[in-house]
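J.: Questions regarding the structure given below will be posed in turn.
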Amino acid sequence: MTEQIDFLGKRRFAAIFSGLLLIATIVSLAAQGLRLGIDFTGGTLVEIGYKQSVDLKAMRSALDTAGFDDATVQHFGSTQEILIRLQPKDGLSNAQLSTGVATAANEVMAEQGDLRRVEFVGPQVGDELTEDGGLALLYSMFGILIYVAWRFEYKFALGSVAALAHDVLITLGFFSVLQLEFDLTVLAAVLAVIGYSLNDTIVVYDRIRENFRLLRKGSAENVMNISLNQTLSRTIMTSLTTLLVLIALALLGGEIIHNFAIALTVGVVIGTYSSIFVASPIVLALGVSKEDLMEPEIEGDDIDLTP
């Protein structure tokens with residue numbers, strides 16, 4: 001049995017590509033960071049629907065005149081719906097703030113709008129969510145490191161965690177570069193990306209371990225290439241069917257779930273790539289060998305018990 005595509009022969013090009021993506025991610029995160037939603041920053045979110053299209057420039061001007069100069073206004077789903085985000089204001093309750101915003105917004109429209117949603121998150125809650133979200137990522141990575149080291153070998157554990165960190169960073173970089181809003185739904189998507197990418201990597205690692213035990217000839221690179229080719233069809237079919245659902249959600253699911261679907265779409269694409277071009281090359285670079293994956297001999301197995 002021979003490999004068909006020399007995946008590991010292209011690992012240097014993949015390393016350069018991943019390095020460029022990670023550099024762009026780090027630069028963007030350092031320069032402009034993530035555009036955090038009110039889930040993390042705290043503040044008030046007001047959604048208003050109208051029967052006619054809304055001029056965002058005129059709406060921002062009306063809110064500035066009313067004293068809401070820090071308001072962020074955007075269309076939400078259609079040009080007839082707007083979403084207004086504001087930082088907390090001292091001396092105003094949530095009800096007073098939302099009422100004042102709705103009144104100011106209605107002044108530039110011919111008809112009164114429909115106040116559809118008001119959400120408020122205090123700054124202390126936002127800080128706690130930020131801290132808890134970061135800890136969730138760290139704990140999941142640590143748990144995965146222990147699990148893969150126990151199931152396979154420490155070299156595979158390091159490869160899987162490096163690939164997961166690669167996927168998470170690039171997904172965050174995508175949101176940072178495009179300045180898409182990062183809220184709790186996106187954080188949930190990032191955690192889901194970790195699970196999806198790990199599952200893909202574990203399937204590849206299982207086949208590598210099996211082939212190391214079955215194939216007596218060939219170098220570690222050849223055995224790993226054979227394993228990657230054997231799992232390629234499964235990897236592609238799983239990723240494509242998942243992407244079909246995510247693209248449908250991104251296009252048809254509405255604004256509330258849009259960024260969630262985008263984060264998962266990016267994560268699935270990067271996770272599929274990393275399971276082939278990041279996780280496996282790292283294990284190879286760490287010097288994995290057949291001896292690392294051989295089952296330990298049980299004392300007494302070689303004793304002849306025949307009478």
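By convention here, the chains of the structure tokens are called A, B, ... in the order presented, each chain's residues are numbered starting at 1, and ligands are numbered starting at 1 in the order presented.
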As an MDAnalysis selection string, which residues of stretch 15-246 of chain A does DSSP assign to alpha helix (DSSP H)?

T.: chainID A and resid 15:31 38:41 56:65 94:106 123:151 154:178 184:214 220:230 232:246

J.: For stretch 3-10 of chain A, work out the shell of residues within 12 Å, counting only C-alpha atoms and skipping chain neighbours fewer than 6 positions away, then give it as a list in words.

T.: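 Surrounding residues, per the criterion: Ile16, Phe17, Gly218, Ala220, Glu221, Asn222, Val223, Met224, Asn225, Ile226, Ser227, Leu228, Asn229, Gln230, Thr231, Leu232, Tyr273, Ser274, Ser275, Ile276, Phe277, Val278, Ala279, Ser280, Pro281, Ile282, Val283, Leu284 and Ala285 of chain A.
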
J.: Please save C-alpha atoms of the selected residues as a compact mmCIF listing (two decimals), in the first residue's frame.

T.:
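Heads up, here's the output in result36.txt:
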```txt
# COMPACT_ATOMS: atom_id res chain seq x y z
CA ILE A 16 4.83 29.04 5.96
CA PHE A 17 1.12 29.51 5.23
CA GLY A 218 8.28 2.22 5.42
CA ALA A 220 7.24 7.19 9.78
CA GLU A 221 6.54 9.80 7.10
CA ASN A 222 5.31 7.15 4.64
CA VAL A 223 3.07 5.50 7.21
CA MET A 224 1.56 8.86 8.19
CA ASN A 225 0.98 9.80 4.54
CA ILE A 226 -0.83 6.50 3.96
CA SER A 227 -2.99 7.19 7.03
CA LEU A 228 -3.85 10.71 5.88
CA ASN A 229 -4.90 9.42 2.46
CA GLN A 230 -7.03 6.67 3.98
CA THR A 231 -8.96 9.16 6.11
CA LEU A 232 -9.13 11.86 3.43
CA TYR A 273 -6.69 21.97 7.19
CA SER A 274 -4.90 21.72 10.55
CA SER A 275 -5.76 18.05 11.11
CA ILE A 276 -3.77 17.28 7.95
CA PHE A 277 -1.11 19.98 7.70
CA VAL A 278 -0.53 20.98 11.35
CA ALA A 279 -1.29 18.14 13.78
CA SER A 280 0.43 15.36 11.83
CA PRO A 281 3.58 17.30 10.80
CA ILE A 282 4.13 18.36 14.43
CA VAL A 283 3.98 14.73 15.56
CA LEU A 284 6.45 13.81 12.81
CA ALA A 285 8.76 16.67 13.82
```

J.: Calculate how many Å separate atom CA of A:Ile48 from atom CA of A:Gly253, rounding to one decimal.

T.: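 Atom CA of A:Gly253 lies 18.9 Å from atom CA of A:Ile48.
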
J.: From the list A:Val288, A:Thr238, A:Glu210, A:Ser78, which residue is nearest A:Ala157 when using only C-alpha atoms?

T.: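 Smallest separation from A:Ala157 among the options: A:Val288.
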
J.: Applying 9 Å and only C-alpha atoms, which residues near A:Gly77 remain after dropping the ones on its own chain fewer than 5 positions away? List them as a PyMOL selection string.

T.: chain A and resi 82+254-256

J.: So that I can see what lies close to A:Leu34, please list as a list in words the residues with an atom at most 10 Å from it, counting only C-alpha atoms and leaving out residues fewer than 4 positions away in the same chain.

T.: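 Residues near the query, excluding close chain neighbours: Ser28, Leu29, Ala30, Leu172, Gly173, Phe174, Phe175, Ser176, Val177, Leu178, Gln179, Leu180, Glu181, Phe182 and Asp183 of chain A.
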
J.: Just want the 8 Å neighbourhood of A:Leu264, counted on only C-alpha atoms, with same-chain residues fewer than 4 positions away dropped. Output as a PyMOL selection string.

T.: chain A and resi 189-190+192-193+246+260+268

J.: Can those selected residues be exported to a file as an mmCIF file, in the first residue's frame so that it contains N, CA and C atoms?

T.:
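Output contents, as saved in selection_5.cif:
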```
data_model
loop_
_atom_site.group_PDB
_atom_site.id
_atom_site.type_symbol
_atom_site.label_atom_id
_atom_site.label_comp_id
_atom_site.auth_asym_id
_atom_site.auth_seq_id
_atom_site.Cartn_x
_atom_site.Cartn_y
_atom_site.Cartn_z
ATOM 1 N N ALA A 189 -19.219 29.196 19.651
ATOM 2 C CA ALA A 189 -18.780 28.627 18.377
ATOM 3 C C ALA A 189 -17.301 28.250 18.425
ATOM 4 N N VAL A 190 -16.483 29.092 19.061
ATOM 5 C CA VAL A 190 -15.053 28.794 19.176
ATOM 6 C C VAL A 190 -14.836 27.511 19.976
ATOM 7 N N ALA A 192 -16.985 25.103 20.190
ATOM 8 C CA ALA A 192 -17.445 24.016 19.325
ATOM 9 C C ALA A 192 -16.390 23.673 18.278
ATOM 10 N N VAL A 193 -15.667 24.685 17.804
ATOM 11 C CA VAL A 193 -14.580 24.453 16.839
ATOM 12 C C VAL A 193 -13.510 23.554 17.455
ATOM 13 N N LEU A 246 -23.806 25.084 7.839
ATOM 14 C CA LEU A 246 -23.343 26.360 8.385
ATOM 15 C C LEU A 246 -23.552 27.504 7.407
ATOM 16 N N PHE A 260 -22.288 33.501 14.766
ATOM 17 C CA PHE A 260 -22.073 32.144 15.265
ATOM 18 C C PHE A 260 -21.766 31.201 14.104
ATOM 19 N N VAL A 268 -14.335 25.239 10.948
ATOM 20 C CA VAL A 268 -14.383 23.945 10.267
ATOM 21 C C VAL A 268 -13.347 23.898 9.141
#
```

J.: With DSSP run on the backbone, what are the strand (DSSP E or B) residues within stretch 33-222 of chain A? I'd like them as an NGL selection string.

T.: :A and (35-36 or 43-49 or 72-76 or 78-86 or 114-121 or 181-182)

J.: Could those residues be written to a file, using N, CA and C atoms, as a CSV table (one decimal), in the first residue's frame?

T.:
```csv
chain,number,residue,atom,x,y,z
A,35,ARG,N,-13.8,43.2,18.5
A,35,ARG,CA,-14.9,44.1,18.7
A,35,ARG,C,-15.9,43.4,19.6
A,36,LEU,N,-15.7,43.5,20.9
A,36,LEU,CA,-16.5,42.8,21.9
A,36,LEU,C,-17.9,43.3,21.9
A,43,GLY,N,-23.5,47.2,28.8
A,43,GLY,CA,-24.2,48.2,28.1
A,43,GLY,C,-25.6,47.8,27.8
A,44,THR,N,-26.2,48.6,26.9
A,44,THR,CA,-27.6,48.4,26.5
A,44,THR,C,-27.8,48.2,25.0
A,45,LEU,N,-28.6,47.2,24.7
A,45,LEU,CA,-28.9,46.9,23.3
A,45,LEU,C,-30.4,47.1,23.0
A,46,VAL,N,-30.7,47.9,22.0
A,46,VAL,CA,-32.1,48.2,21.7
A,46,VAL,C,-32.3,47.9,20.2
A,47,GLU,N,-33.3,47.1,19.9
A,47,GLU,CA,-33.7,46.8,18.6
A,47,GLU,C,-35.1,47.4,18.2
A,48,ILE,N,-35.1,48.1,17.1
A,48,ILE,CA,-36.3,48.8,16.7
A,48,ILE,C,-36.6,48.5,15.3
A,49,GLY,N,-37.9,48.2,15.0
A,49,GLY,CA,-38.3,47.9,13.6
A,49,GLY,C,-39.2,49.0,13.1
A,72,THR,N,-23.8,53.1,18.9
A,72,THR,CA,-23.5,52.4,17.7
A,72,THR,C,-24.8,51.9,17.0
A,73,VAL,N,-25.0,52.4,15.8
A,73,VAL,CA,-26.2,52.1,15.0
A,73,VAL,C,-25.9,51.3,13.8
A,74,GLN,N,-26.7,50.2,13.6
A,74,GLN,CA,-26.5,49.4,12.4
A,74,GLN,C,-27.8,48.8,12.0
A,75,HIS,N,-27.9,48.4,10.7
A,75,HIS,CA,-29.1,47.7,10.2
A,75,HIS,C,-29.0,46.3,10.8
A,76,PHE,N,-30.2,45.7,11.0
A,76,PHE,CA,-30.2,44.4,11.7
A,76,PHE,C,-31.2,43.5,10.9
A,78,SER,N,-32.5,43.7,7.9
A,78,SER,CA,-33.0,44.5,6.8
A,78,SER,C,-32.8,46.0,7.0
A,79,THR,N,-33.0,46.8,6.0
A,79,THR,CA,-32.8,48.2,6.2
A,79,THR,C,-34.0,48.8,7.0
A,80,GLN,N,-35.0,48.0,7.3
A,80,GLN,CA,-36.1,48.6,8.1
A,80,GLN,C,-36.0,48.3,9.6
A,81,GLU,N,-34.9,47.6,9.9
A,81,GLU,CA,-34.7,47.3,11.3
A,81,GLU,C,-33.3,47.8,11.7
A,82,ILE,N,-33.2,48.3,12.9
A,82,ILE,CA,-31.9,48.8,13.4
A,82,ILE,C,-31.6,48.3,14.8
A,83,LEU,N,-30.3,48.2,15.0
A,83,LEU,CA,-29.8,47.7,16.3
A,83,LEU,C,-28.9,48.8,16.9
A,84,ILE,N,-29.2,49.3,18.1
A,84,ILE,CA,-28.5,50.4,18.7
A,84,ILE,C,-27.8,49.9,20.0
A,85,ARG,N,-26.5,50.1,20.1
A,85,ARG,CA,-25.8,49.7,21.3
A,85,ARG,C,-25.2,50.9,22.0
A,86,LEU,N,-25.4,50.9,23.3
A,86,LEU,CA,-24.9,52.1,24.1
A,86,LEU,C,-24.1,51.6,25.3
A,114,ASP,N,-41.4,50.1,16.2
A,114,ASP,CA,-41.8,49.0,17.1
A,114,ASP,C,-40.5,48.6,17.9
A,115,LEU,N,-40.6,48.9,19.2
A,115,LEU,CA,-39.5,48.5,20.1
A,115,LEU,C,-39.5,47.0,20.4
A,116,ARG,N,-38.7,46.3,19.7
A,116,ARG,CA,-38.8,44.8,19.7
A,116,ARG,C,-37.9,44.1,20.8
A,117,ARG,N,-36.8,44.7,21.2
A,117,ARG,CA,-35.9,44.1,22.1
A,117,ARG,C,-35.1,45.1,22.9
A,118,VAL,N,-34.9,44.9,24.2
A,118,VAL,CA,-34.0,45.7,25.0
A,118,VAL,C,-33.3,44.7,25.9
A,119,GLU,N,-31.9,44.8,25.8
A,119,GLU,CA,-31.1,43.9,26.6
A,119,GLU,C,-30.1,44.8,27.4
A,120,PHE,N,-29.8,44.4,28.6
A,120,PHE,CA,-28.9,45.2,29.4
A,120,PHE,C,-27.9,44.3,30.1
A,121,VAL,N,-26.6,44.6,30.0
A,121,VAL,CA,-25.6,43.8,30.7
A,121,VAL,C,-24.7,44.8,31.5
A,181,GLU,N,-18.5,41.5,15.3
A,181,GLU,CA,-18.8,41.5,16.7
A,181,GLU,C,-18.5,40.1,17.4
A,182,PHE,N,-17.8,40.1,18.5
A,182,PHE,CA,-17.5,38.9,19.2
A,182,PHE,C,-18.3,38.9,20.5
```

J.: So that I can see what lies close to A:His258, please list as an NGL selection string the residues with an atom at most 10 Å from it, counting only C-alpha atoms and leaving out residues fewer than 5 positions away in the same chain.

T.: :A and (77 or 185-186 or 246-253 or 263)

J.: Would you write out those residues with N, CA and C atoms, as a tab-separated table (two decimals), in the first residue's frame?

T.:
```tsv
chain	number	residue	atom	x	y	z
A	77	GLY	N	-30.63	42.72	9.92
A	77	GLY	CA	-31.45	41.85	9.11
A	77	GLY	C	-31.95	42.50	7.84
A	185	THR	N	-22.28	34.07	21.74
A	185	THR	CA	-22.57	33.04	20.74
A	185	THR	C	-21.32	32.69	19.94
A	186	VAL	N	-20.48	33.68	19.67
A	186	VAL	CA	-19.24	33.42	18.95
A	186	VAL	C	-18.26	32.63	19.83
A	246	LEU	N	-23.81	25.08	7.84
A	246	LEU	CA	-23.34	26.36	8.38
A	246	LEU	C	-23.55	27.50	7.41
A	247	ILE	N	-23.34	27.25	6.13
A	247	ILE	CA	-23.57	28.30	5.12
A	247	ILE	C	-25.05	28.67	5.07
A	248	ALA	N	-25.92	27.65	5.17
A	248	ALA	CA	-27.36	27.92	5.21
A	248	ALA	C	-27.72	28.76	6.43
A	249	LEU	N	-27.13	28.45	7.58
A	249	LEU	CA	-27.39	29.23	8.79
A	249	LEU	C	-26.89	30.66	8.63
A	250	ALA	N	-25.71	30.83	8.04
A	250	ALA	CA	-25.14	32.17	7.88
A	250	ALA	C	-25.99	33.03	6.95
A	251	LEU	N	-26.54	32.41	5.90
A	251	LEU	CA	-27.30	33.18	4.91
A	251	LEU	C	-28.77	33.35	5.28
A	252	LEU	N	-29.33	32.36	5.95
A	252	LEU	CA	-30.78	32.36	6.18
A	252	LEU	C	-31.16	32.40	7.65
A	253	GLY	N	-30.21	32.26	8.55
A	253	GLY	CA	-30.53	32.13	9.97
A	253	GLY	C	-30.81	33.43	10.68
A	263	ALA	N	-18.28	32.00	12.53
A	263	ALA	CA	-17.18	31.48	13.34
A	263	ALA	C	-17.02	29.97	13.15
```

J.: Need to verify the contact set: A:Leu164, 8 Å, only C-alpha atoms, exclusion of same-chain residues closer than 3 positions in sequence. Can you return it as an NGL selection string?

T.: :A and (141 or 160-161 or 167-168 or 194 or 197-198 or 271)

J.: When you draw a straight line from atom CA of A:Thr201 to atom CA of A:Val148, how long is it in Å?

T.: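 Computed distance, atom CA of A:Thr201 to atom CA of A:Val148, equals 10.3 Å.
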
J.: Take atom CA of A:Tyr50 and atom CA of A:Leu184 and report the distance between them in Å, one decimal.

T.: 27.4 Å
